[in-house]
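Pasting final.cif here (mmCIF, C-alpha atoms and all ligand atoms):
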```
data_data
loop_
_atom_site.label_atom_id
_atom_site.label_comp_id
_atom_site.auth_asym_id
_atom_site.auth_seq_id
_atom_site.Cartn_x
_atom_site.Cartn_y
_atom_site.Cartn_z
CA MET A 1 132.10 172.74 251.69
CA LYS A 2 133.68 173.61 255.04
CA LEU A 3 137.47 173.66 255.10
CA LYS A 4 137.67 171.25 258.02
CA ASN A 5 135.81 168.63 255.98
CA ASN A 6 137.75 169.34 252.80
CA ASP A 7 141.34 169.81 253.99
CA GLN A 8 141.96 168.91 257.60
CA LYS A 9 145.66 169.71 257.45
CA VAL A 10 145.21 173.35 256.41
CA ALA A 11 142.23 173.74 258.76
CA LYS A 12 144.34 172.46 261.65
CA LEU A 13 147.22 174.81 260.85
CA ILE A 14 144.86 177.79 260.74
CA GLU A 15 143.41 176.73 264.08
CA LEU A 16 146.89 176.48 265.61
CA GLU A 17 147.95 179.91 264.30
CA THR A 18 144.67 181.45 265.52
CA ASN A 19 145.32 179.98 268.93
CA ARG A 20 148.93 181.25 268.90
CA GLN A 21 147.73 184.78 268.16
CA LYS A 22 145.03 184.61 270.84
CA THR A 23 147.27 183.32 273.61
CA THR A 24 150.41 185.38 272.99
CA LEU A 25 151.25 189.07 272.50
CA GLN A 26 152.02 190.19 268.96
CA MET A 27 154.61 192.91 269.38
CA ILE A 28 156.27 192.94 265.97
CA PRO A 29 155.66 196.60 265.05
CA SER A 30 154.63 195.85 261.47
CA GLU A 31 151.83 193.51 262.60
CA ASN A 32 148.29 194.17 263.75
CA HIS A 33 144.90 192.45 264.15
CA CYS A 34 142.31 193.60 261.63
CA SER A 35 138.58 193.40 262.31
CA SER A 36 136.39 190.55 261.05
CA ALA A 37 134.63 193.17 258.87
CA VAL A 38 137.98 193.73 257.12
CA ARG A 39 138.62 189.98 256.85
CA GLU A 40 135.20 189.14 255.40
CA PRO A 41 135.76 190.43 251.83
CA LEU A 42 139.01 188.44 251.63
CA SER A 43 137.16 185.15 251.49
CA SER A 44 134.29 186.47 249.37
CA LEU A 45 133.57 185.61 245.73
CA LEU A 46 135.49 188.73 244.72
CA THR A 47 138.55 186.49 244.86
CA ASP A 48 137.30 184.67 241.74
CA LYS A 49 137.13 187.69 239.44
CA TYR A 50 139.66 188.83 236.84
CA ALA A 51 139.79 192.61 236.38
CA GLU A 52 143.01 193.50 234.55
CA GLY A 53 142.95 197.20 233.80
CA TYR A 54 141.30 199.99 235.75
CA PRO A 55 137.67 200.98 236.52
CA GLY A 56 135.90 201.77 233.24
CA LYS A 57 138.74 200.26 231.21
CA ARG A 58 139.03 196.55 231.93
CA TYR A 59 140.27 193.79 229.68
CA TYR A 60 137.54 191.42 230.93
CA GLY A 61 133.76 191.63 231.03
CA GLY A 62 131.55 191.39 234.10
CA ASN A 63 133.31 194.09 236.08
CA GLN A 64 130.39 196.46 236.78
CA PHE A 65 130.44 195.81 240.55
CA ILE A 66 134.18 195.34 240.76
CA ASP A 67 134.61 198.80 239.23
CA GLU A 68 132.44 200.22 242.00
CA VAL A 69 134.47 198.43 244.67
CA GLU A 70 137.74 199.77 243.30
CA ASN A 71 136.41 203.31 242.84
CA LEU A 72 135.06 203.31 246.39
CA CYS A 73 138.44 202.23 247.71
CA ILE A 74 140.21 204.93 245.66
CA GLU A 75 137.85 207.68 246.84
CA ARG A 76 138.17 206.66 250.48
CA ALA A 77 141.98 206.65 250.26
CA LYS A 78 142.02 210.06 248.52
CA LYS A 79 139.85 211.56 251.23
CA LEU A 80 141.62 209.95 254.18
CA PHE A 81 145.13 210.97 253.11
CA GLY A 82 144.25 214.19 251.24
CA VAL A 83 145.83 213.21 247.92
CA GLU A 84 144.88 213.74 244.28
CA TYR A 85 145.22 210.23 242.95
CA VAL A 86 145.55 206.69 244.32
CA ASN A 87 146.38 203.32 242.78
CA VAL A 88 144.97 200.62 245.08
CA GLN A 89 146.17 197.59 243.09
CA PRO A 90 149.72 196.89 244.38
CA HIS A 91 149.75 193.48 246.04
CA SER A 92 151.84 194.87 248.89
CA GLY A 93 154.50 197.41 249.83
CA SER A 94 157.46 196.10 247.82
CA PRO A 95 155.42 195.86 244.56
CA ALA A 96 154.12 199.39 245.24
CA ASN A 97 157.67 200.66 245.58
CA ALA A 98 158.77 198.70 242.50
CA ALA A 99 156.03 200.45 240.52
CA VAL A 100 157.29 203.85 241.70
CA TYR A 101 160.75 202.99 240.35
CA MET A 102 159.25 201.85 237.08
CA ALA A 103 157.21 205.04 236.74
CA THR A 104 159.98 207.49 237.55
CA CYS A 105 163.39 205.94 236.81
CA ASP A 106 165.38 203.95 234.27
CA PRO A 107 167.66 201.08 235.33
CA GLY A 108 171.04 202.48 236.37
CA ASP A 109 169.65 205.82 237.59
CA THR A 110 170.85 207.14 240.92
CA ILE A 111 168.40 206.87 243.78
CA MET A 112 168.72 207.63 247.48
CA GLY A 113 167.17 206.05 250.58
CA MET A 114 167.81 205.36 254.25
CA ALA A 115 170.22 202.44 254.66
CA LEU A 116 168.59 199.21 255.81
CA SER A 117 171.16 199.00 258.62
CA MET A 118 170.08 202.46 259.86
CA GLY A 119 166.36 201.69 259.91
CA GLY A 120 165.44 201.95 256.22
CA HIS A 121 163.66 199.40 254.04
CA LEU A 122 164.97 196.77 251.60
CA THR A 123 163.31 198.50 248.64
CA HIS A 124 164.99 201.85 249.37
CA GLY A 125 168.25 200.72 247.75
CA ALA A 126 169.52 197.73 249.76
CA LYS A 127 172.09 195.77 247.74
CA VAL A 128 170.22 192.46 248.20
CA SER A 129 167.00 193.86 246.71
CA PHE A 130 166.11 194.76 243.12
CA SER A 131 166.36 198.39 244.21
CA GLY A 132 170.07 198.08 244.96
CA LYS A 133 170.78 195.76 242.02
CA PHE A 134 169.13 197.71 239.21
CA PHE A 135 169.75 201.25 240.48
CA ASN A 136 172.78 203.15 241.68
CA ALA A 137 171.73 203.45 245.31
CA VAL A 138 173.13 206.06 247.66
CA SER A 139 172.31 205.56 251.35
CA TYR A 140 171.83 208.03 254.14
CA GLY A 141 171.49 207.32 257.84
CA VAL A 142 171.39 208.56 261.40
CA TYR A 143 174.01 210.17 263.63
CA GLU A 144 176.25 207.66 265.39
CA LYS A 145 175.82 209.33 268.79
CA THR A 146 172.15 210.30 268.92
CA HIS A 147 170.71 207.84 266.37
CA LEU A 148 168.58 210.71 265.05
CA MET A 149 168.12 211.38 261.32
CA ASN A 150 171.26 213.00 259.92
CA TYR A 151 169.78 215.85 257.87
CA GLU A 152 173.21 217.33 257.09
CA GLU A 153 174.42 214.08 255.54
CA PHE A 154 171.12 213.79 253.63
CA GLU A 155 171.62 217.24 252.14
CA LYS A 156 175.29 216.67 251.32
CA LEU A 157 174.58 213.35 249.57
CA ALA A 158 171.59 214.75 247.67
CA LYS A 159 173.63 217.69 246.37
CA GLU A 160 176.62 215.50 245.50
CA HIS A 161 174.74 212.67 243.73
CA LYS A 162 171.65 214.48 242.39
CA PRO A 163 169.43 211.39 242.59
CA LYS A 164 166.44 211.03 240.33
CA LEU A 165 164.37 209.61 243.17
CA ILE A 166 164.65 209.99 246.94
CA TRP A 167 162.91 207.72 249.44
CA LEU A 168 161.87 208.90 252.87
CA GLY A 169 160.55 206.39 255.34
CA PHE A 170 161.67 203.57 257.55
CA SER A 171 161.08 200.20 259.15
CA ALA A 172 163.00 200.77 262.36
CA TYR A 173 163.20 204.49 263.15
CA SER A 174 161.19 205.60 266.13
CA ARG A 175 161.19 209.37 265.65
CA ILE A 176 159.32 211.98 263.66
CA LEU A 177 160.87 212.89 260.33
CA ASP A 178 160.92 216.55 259.35
CA TRP A 179 159.14 216.04 256.02
CA LYS A 180 159.25 219.76 255.21
CA ARG A 181 163.01 220.06 255.62
CA LEU A 182 163.61 216.90 253.58
CA GLY A 183 161.16 218.07 250.90
CA LYS A 184 163.03 221.35 250.46
CA ILE A 185 166.33 219.53 250.00
CA ALA A 186 164.84 217.12 247.44
CA ASP A 187 163.30 220.04 245.54
CA SER A 188 166.64 221.84 245.43
CA VAL A 189 168.15 218.91 243.47
CA GLY A 190 165.05 218.24 241.34
CA ALA A 191 164.46 214.70 242.64
CA TYR A 192 161.12 212.93 242.83
CA LEU A 193 160.45 212.67 246.54
CA VAL A 194 158.58 209.62 247.80
CA ALA A 195 157.45 209.03 251.39
CA ASP A 196 157.02 205.36 252.21
CA ILE A 197 154.70 205.59 255.22
CA ALA A 198 154.04 201.84 255.51
CA HIS A 199 154.87 201.80 259.22
CA VAL A 200 153.06 204.96 260.26
CA ALA A 201 150.11 205.14 257.82
CA GLY A 202 147.60 204.46 260.61
CA LEU A 203 149.21 207.11 262.79
CA VAL A 204 149.06 209.61 259.91
CA ALA A 205 145.41 208.70 259.25
CA GLY A 206 144.67 209.01 262.97
CA GLY A 207 146.32 212.45 263.12
CA VAL A 208 149.10 211.54 265.55
CA TYR A 209 152.08 211.51 263.16
CA PRO A 210 152.72 214.38 260.70
CA SER A 211 151.54 213.79 257.16
CA PRO A 212 154.20 214.06 254.44
CA VAL A 213 151.55 214.84 251.78
CA PRO A 214 152.21 218.61 251.44
CA TYR A 215 155.95 218.09 250.96
CA VAL A 216 156.40 215.04 248.73
CA ASP A 217 155.38 213.96 245.23
CA ILE A 218 154.37 210.39 245.93
CA VAL A 219 153.34 208.44 249.03
CA THR A 220 153.40 204.66 249.23
CA THR A 221 152.14 202.46 252.00
CA THR A 222 151.13 198.99 252.96
CA THR A 223 147.67 198.62 254.43
CA HIS A 224 148.24 195.96 257.09
CA LYS A 225 150.47 197.64 259.67
CA THR A 226 149.25 200.54 261.84
CA LEU A 227 146.48 201.14 259.26
CA ARG A 228 145.00 197.79 260.41
CA GLY A 229 143.76 196.52 257.08
CA PRO A 230 144.37 193.40 254.99
CA ARG A 231 147.75 192.81 253.35
CA GLY A 232 148.01 195.23 250.44
CA GLY A 233 149.63 198.37 249.07
CA LEU A 234 148.71 201.88 247.91
CA ILE A 235 150.49 204.42 245.73
CA MET A 236 149.29 208.00 246.11
CA VAL A 237 150.21 211.08 244.10
CA THR A 238 150.03 214.49 245.76
CA LYS A 239 149.11 217.88 244.34
CA LYS A 240 152.81 218.73 244.47
CA GLY A 241 153.65 215.58 242.51
CA LEU A 242 151.13 216.37 239.77
CA LYS A 243 152.47 219.92 239.52
CA LYS A 244 155.97 218.57 239.07
CA ASP A 245 154.90 215.94 236.55
CA PRO A 246 151.30 216.14 235.22
CA ASP A 247 151.66 212.60 233.81
CA LEU A 248 152.77 211.05 237.11
CA SER A 249 149.51 209.26 237.90
CA LYS A 250 149.30 207.84 234.35
CA LYS A 251 152.90 206.64 234.62
CA ILE A 252 152.11 204.93 237.93
CA ASP A 253 148.99 203.23 236.58
CA LYS A 254 150.99 201.91 233.63
CA ALA A 255 153.80 200.71 235.89
CA VAL A 256 151.41 198.73 238.12
CA PHE A 257 149.46 197.28 235.18
CA PRO A 258 150.63 196.13 232.70
CA GLY A 259 154.16 196.93 233.90
CA LEU A 260 154.42 194.72 236.96
CA GLN A 261 151.15 193.01 237.79
CA GLY A 262 148.27 191.29 236.05
CA GLY A 263 144.87 190.93 237.65
CA PRO A 264 144.32 192.98 240.80
CA HIS A 265 143.16 191.18 243.96
CA GLU A 266 139.73 192.78 244.19
CA ASN A 267 138.87 190.83 247.35
CA SER A 268 141.81 192.58 249.03
CA ILE A 269 140.82 195.92 247.50
CA ALA A 270 137.32 195.55 249.01
CA ALA A 271 138.90 194.75 252.37
CA ILE A 272 141.15 197.82 252.04
CA ALA A 273 138.02 199.91 251.39
CA VAL A 274 136.53 198.61 254.66
CA CYS A 275 139.77 199.36 256.51
CA LEU A 276 139.83 202.92 255.10
CA LYS A 277 136.27 203.48 256.33
CA GLU A 278 137.28 202.26 259.80
CA ALA A 279 140.42 204.42 259.74
CA SER A 280 138.40 207.57 259.08
CA THR A 281 136.39 207.30 262.31
CA PRO A 282 137.08 209.19 265.57
CA ALA A 283 137.49 205.79 267.27
CA PHE A 284 140.45 205.07 265.01
CA GLY A 285 142.01 208.42 265.94
CA LYS A 286 141.76 207.39 269.60
CA TYR A 287 143.31 204.03 268.77
CA ALA A 288 146.24 205.69 266.93
CA SER A 289 146.83 208.04 269.83
CA GLN A 290 146.84 205.11 272.28
CA VAL A 291 149.34 203.21 270.10
CA VAL A 292 151.81 206.08 270.55
CA LYS A 293 151.03 206.50 274.27
CA ASN A 294 151.61 202.79 274.77
CA ALA A 295 154.90 202.78 272.86
CA LYS A 296 156.11 205.72 274.95
CA ALA A 297 155.01 204.03 278.20
CA LEU A 298 156.69 200.75 277.22
CA GLY A 299 159.89 202.56 276.23
CA GLU A 300 159.99 204.67 279.38
CA GLU A 301 159.49 201.67 281.62
CA LEU A 302 162.15 199.66 279.82
CA SER A 303 164.55 202.62 280.08
CA LYS A 304 163.93 202.75 283.83
CA LEU A 305 164.82 199.06 283.96
CA GLY A 306 168.18 199.76 282.31
CA PHE A 307 167.41 199.06 278.64
CA ASN A 308 169.07 201.35 276.09
CA LEU A 309 166.56 202.66 273.58
CA VAL A 310 168.00 203.59 270.19
CA SER A 311 167.55 207.39 269.82
CA GLY A 312 166.54 207.48 273.50
CA GLY A 313 162.82 206.89 273.01
CA THR A 314 159.95 206.95 270.57
CA ASP A 315 157.45 209.28 268.92
CA ASN A 316 155.62 206.55 267.05
CA HIS A 317 154.53 202.93 267.45
CA LEU A 318 157.91 201.21 267.76
CA ILE A 319 160.96 200.99 269.91
CA LEU A 320 164.37 199.64 269.01
CA ILE A 321 166.46 198.37 271.90
CA ASP A 322 170.25 198.15 271.95
CA LEU A 323 170.83 194.97 273.98
CA ARG A 324 174.61 195.15 274.25
CA ASN A 325 174.61 196.19 277.92
CA LYS A 326 172.33 193.21 278.68
CA ASN A 327 174.81 190.67 277.31
CA ILE A 328 172.28 188.98 275.08
CA THR A 329 172.02 188.96 271.28
CA GLY A 330 168.87 190.04 269.45
CA LEU A 331 168.35 186.44 268.34
CA ASP A 332 168.56 185.02 271.87
CA ALA A 333 166.30 187.78 273.21
CA GLN A 334 163.75 187.13 270.45
CA ASN A 335 163.73 183.40 271.31
CA LEU A 336 163.54 184.01 275.04
CA LEU A 337 160.64 186.44 274.66
CA GLU A 338 158.90 184.01 272.34
CA SER A 339 159.17 181.37 275.08
CA ILE A 340 157.08 183.59 277.39
CA GLY A 341 154.56 184.38 274.63
CA ILE A 342 155.85 187.77 273.47
CA SER A 343 156.47 187.91 269.73
CA THR A 344 159.07 190.50 268.67
CA ASN A 345 161.82 190.59 266.07
CA ARG A 346 165.56 190.87 266.29
CA ASN A 347 166.93 193.87 264.44
CA SER A 348 170.22 195.55 263.63
CA ILE A 349 170.87 198.78 265.47
CA PRO A 350 172.55 201.70 263.68
CA TYR A 351 176.32 201.11 263.28
CA ASP A 352 175.87 197.51 264.46
CA THR A 353 179.03 195.44 264.23
CA ALA A 354 177.15 192.16 264.73
CA SER A 355 175.67 190.20 261.80
CA PRO A 356 172.06 190.84 260.69
CA PHE A 357 171.29 187.21 261.63
CA LYS A 358 172.45 187.74 265.22
CA PRO A 359 172.14 191.51 265.54
CA SER A 360 172.55 193.55 268.72
CA GLY A 361 168.99 194.81 268.87
CA ILE A 362 165.37 193.88 269.19
CA ARG A 363 162.42 195.79 267.71
CA MET A 364 158.99 195.87 269.26
CA GLY A 365 155.80 197.82 268.77
CA THR A 366 152.35 198.43 270.15
CA PRO A 367 149.85 198.40 267.20
CA ALA A 368 148.48 194.89 267.82
CA ILE A 369 148.38 194.92 271.61
CA THR A 370 146.65 198.33 271.50
CA THR A 371 144.03 196.84 269.17
CA ARG A 372 143.35 194.33 271.97
CA GLY A 373 142.57 197.28 274.26
CA MET A 374 145.76 197.35 276.32
CA LYS A 375 146.89 200.64 277.85
CA GLU A 376 149.79 202.12 279.82
CA LYS A 377 149.15 199.86 282.84
CA GLU A 378 149.64 196.73 280.72
CA MET A 379 152.77 198.25 279.09
CA LYS A 380 154.38 198.49 282.52
CA LYS A 381 153.57 194.84 283.17
CA ILE A 382 154.97 193.77 279.80
CA ALA A 383 158.17 195.78 280.33
CA GLY A 384 158.57 194.12 283.73
CA TRP A 385 158.22 190.66 282.20
CA ILE A 386 160.73 191.47 279.46
CA ASN A 387 163.21 192.63 282.07
CA GLU A 388 162.62 189.67 284.36
CA VAL A 389 163.01 186.99 281.73
CA ILE A 390 166.13 188.56 280.22
CA SER A 391 167.82 188.78 283.62
CA LYS A 392 166.37 185.54 285.04
CA PRO A 393 165.57 183.12 282.19
CA TYR A 394 164.63 180.41 284.70
CA LEU A 395 161.38 182.32 285.35
CA VAL A 396 159.99 181.42 281.90
CA LYS A 397 157.26 179.12 283.23
CA ARG A 398 155.78 181.60 285.68
CA ILE A 399 155.94 184.57 283.31
CA SER A 400 154.47 182.72 280.34
CA GLN A 401 151.46 181.83 282.51
CA GLU A 402 151.06 185.50 283.43
CA VAL A 403 151.26 186.51 279.76
CA LYS A 404 148.55 183.94 278.94
CA ASN A 405 146.33 185.32 281.71
CA LEU A 406 146.72 188.85 280.31
CA CYS A 407 145.83 187.65 276.80
CA LYS A 408 142.63 186.09 278.14
CA LYS A 409 141.59 189.47 279.57
CA PHE A 410 142.20 191.18 276.21
CA PRO A 411 140.71 189.02 273.45
CA LEU A 412 141.37 189.65 269.76
CA PRO A 413 138.89 192.02 268.07
CA LYS A 414 135.66 190.58 266.76
N1 LIG A 501 159.00 193.81 256.64
C1 LIG A 501 158.35 194.97 257.17
C2 LIG A 501 158.68 195.19 258.60
O1 LIG A 501 158.60 194.24 259.35
O2 LIG A 501 159.01 196.30 259.00
C3 LIG A 501 158.61 196.16 256.37
O3 LIG A 501 158.07 195.96 255.12
#
```

So that I can check it, write out the structure of this file as structure tokens.
Amino acid sequence: MKLKNNDQKVAKLIELETNRQKTTLQMIPSENHCSSAVREPLSSLLTDKYAEGYPGKRYYGGNQFIDEVENLCIERAKKLFGVEYVNVQPHSGSPANAAVYMATCDPGDTIMGMALSMGGHLTHGAKVSFSGKFFNAVSYGVYEKTHLMNYEEFEKLAKEHKPKLIWLGFSAYSRILDWKRLGKIADSVGAYLVADIAHVAGLVAGGVYPSPVPYVDIVTTTTHKTLRGPRGGLIMVTKKGLKKDPDLSKKIDKAVFPGLQGGPHENSIAAIAVCLKEASTPAFGKYASQVVKNAKALGEELSKLGFNLVSGGTDNHLILIDLRNKNITGLDAQNLLESIGISTNRNSIPYDTASPFKPSGIRMGTPAITTRGMKEKEMKKIAGWINEVISKPYLVKRISQEVKNLCKKFPLPK
């Protein structure tokens, strides 16, 4: 039965959200628009199947085709990222990271990660998350002046605290990390080194952001950001990781199931397999390259218009803007931009003295608008609108119409 005949309320809400996405610009850097080929498996009958366990070793019958789906997904991920082993079952990024903790650490162990307030992620040791509650988390950050990764502090803290596990990766850092340098430091203290590439996985796959694979033991990622897949997570073990700990992949499998999860979402796993196929094409490489070109163009134009970019610019898909010279909070800017049809998110800037609810910054990115086919020319337009509405909020009506017109010219992918 069709949803609209069965449940009009849910059908209506989906229609409204679809319309919102079509008529506005999605510029939250962790969002994207996946293809209908990726979406199709999500609503397939694969959603009905229980498959606790792993291919060839399930705790339920009837998994002959499901095993093939999962193996296909694993093989595609191994090939795309150049790793030895992949677990494709984590429901998303936080469960993937939780499984890494479970596989490598005991509660109370010392771990190290980039502070949330400096651009890190909740699961890298933030006090409000399980990672900061159950582990002794040490945080590193960026220089106060340049907002660039503080490698000296990283080394000093690693040597002082000798963490069992070190996280690399970020949610709001717009520069390239020197994976090799960080890998050497982690090796010198004997820590497991994990790169959480959730934000840049698509850029790594597309060859426009360096891959951490040669320098780390484990790589985790979500699949729905720059990688442009369905919501999901992957845990990958590198050659280096297996050399350090030959049981690492077994430990990770056990941590995901039965440690943390029950039945895997095989409909999502099939959709991830489709996304990985798409991400291995030359067209995807072009897309990834355009994402970065667009972020640079947007950042440069905003800088010209007097906006202060944290770290002075970007090498990836996101920019973080320090709004203090514009006399507007991140919250007010987010709301104002939303009123003209530009969806972004407020964000703390490094060393922010304002509260995380009303921080001094705003974060925006180009993955979704690049999927719609926009290029540098459109980035200039968007930067102009952002500047205009922040300096002259009374122009909301005119600008929101212009944003709508642009959206019509660049429809969502089929
Ligand atoms: N919450 C995600 C983001 O928006 O960056 C990270 O997981």

Which of A:Thr220, A:Ser400, A:Thr104, A:Ser139 sits closest to ligand LIG 501 (chain A) [using all atoms listed in the file] = A:Thr220

For atom CA of Phe81 of chain A and atom CA of Gly206 of chain A, determine how far apart the two atoms are, in Å to one decimal place.
-> 10.1 Å

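Closest to His161 of chain A among A:Asp109, A:Asp187, A:Glu376, A:Glu388 is A:Asp109, based on all atoms listed in the file.
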
Non-local contacts of Ala137 of chain A (12 Å; all atoms listed in the file; under 4 positions in same chain excluded) as a CSV table (one decimal) with C-alpha atoms, in the frame of the given file:
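Result file is around21.csv:
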```csv
chain,number,residue,atom,x,y,z
A,107,PRO,CA,167.7,201.1,235.3
A,108,GLY,CA,171.0,202.5,236.4
A,109,ASP,CA,169.6,205.8,237.6
A,110,THR,CA,170.8,207.1,240.9
A,111,ILE,CA,168.4,206.9,243.8
A,112,MET,CA,168.7,207.6,247.5
A,113,GLY,CA,167.2,206.0,250.6
A,114,MET,CA,167.8,205.4,254.2
A,115,ALA,CA,170.2,202.4,254.7
A,116,LEU,CA,168.6,199.2,255.8
A,122,LEU,CA,165.0,196.8,251.6
A,123,THR,CA,163.3,198.5,248.6
A,124,HIS,CA,165.0,201.8,249.4
A,125,GLY,CA,168.2,200.7,247.8
A,126,ALA,CA,169.5,197.7,249.8
A,127,LYS,CA,172.1,195.8,247.7
A,128,VAL,CA,170.2,192.5,248.2
A,129,SER,CA,167.0,193.9,246.7
A,130,PHE,CA,166.1,194.8,243.1
A,131,SER,CA,166.4,198.4,244.2
A,132,GLY,CA,170.1,198.1,245.0
A,133,LYS,CA,170.8,195.8,242.0
A,157,LEU,CA,174.6,213.4,249.6
A,158,ALA,CA,171.6,214.8,247.7
A,161,HIS,CA,174.7,212.7,243.7
A,162,LYS,CA,171.6,214.5,242.4
A,163,PRO,CA,169.4,211.4,242.6
A,164,LYS,CA,166.4,211.0,240.3
A,165,LEU,CA,164.4,209.6,243.2
A,166,ILE,CA,164.6,210.0,246.9
A,167,TRP,CA,162.9,207.7,249.4
```

Excluding Ser211 of chain A and any residue of its chain fewer than 3 positions from it, enumerate the residues within 12 Å of it, using all atoms listed in the file, and give them as a list in words.
->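 Here the answer would be Leu80, Phe81, Gly82, Val83, Gly169, Ile176, Leu177, Asp178, Trp179, Lys180, Ala195, Asp196, Ile197, Val200, Ala201, Gly202, Leu203, Val204, Ala205, Gly206, Gly207, Val208, Pro214, Tyr215, Val216, Val219 and Thr238 of chain A.
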
Contacts with ligand LIG 501 (chain A) at most 12 Å, all atoms listed in the file counted, listed as an MDAnalysis selection string | chainID A and resid 27:32 92:97 116 119:124 169:174 196:200 220:226 231:233 317:318 320 344:347 362:365

So which residues are close to (134.6, 191.7, 237.7), meaning at most 10 Å away in the file's coordinates with only C-alpha atoms counted, and can you show them as a PyMOL selection string?
-> chain A and resi 46-52+55+58+60-69+266

From the list A:Cys34, A:Ile340, A:Leu248, A:Cys407, which residue is nearest Tyr85 of chain A when using all atoms listed in the file?
->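 Nearest to Tyr85 of chain A: A:Leu248.
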
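Closest approach to Glu40 of chain A among A:Pro246, A:Ala270, A:Asp217, A:Ile74: A:Ala270, based on all atoms listed in the file.
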
Nearest residue to Lys244 of chain A from the set A:Leu260, A:Ile269, A:Ala295, A:Leu193 (distances using only C-alpha atoms) =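 Comparing A:Leu260, A:Ile269, A:Ala295, A:Leu193 against Lys244 of chain A, the winner is A:Leu193.
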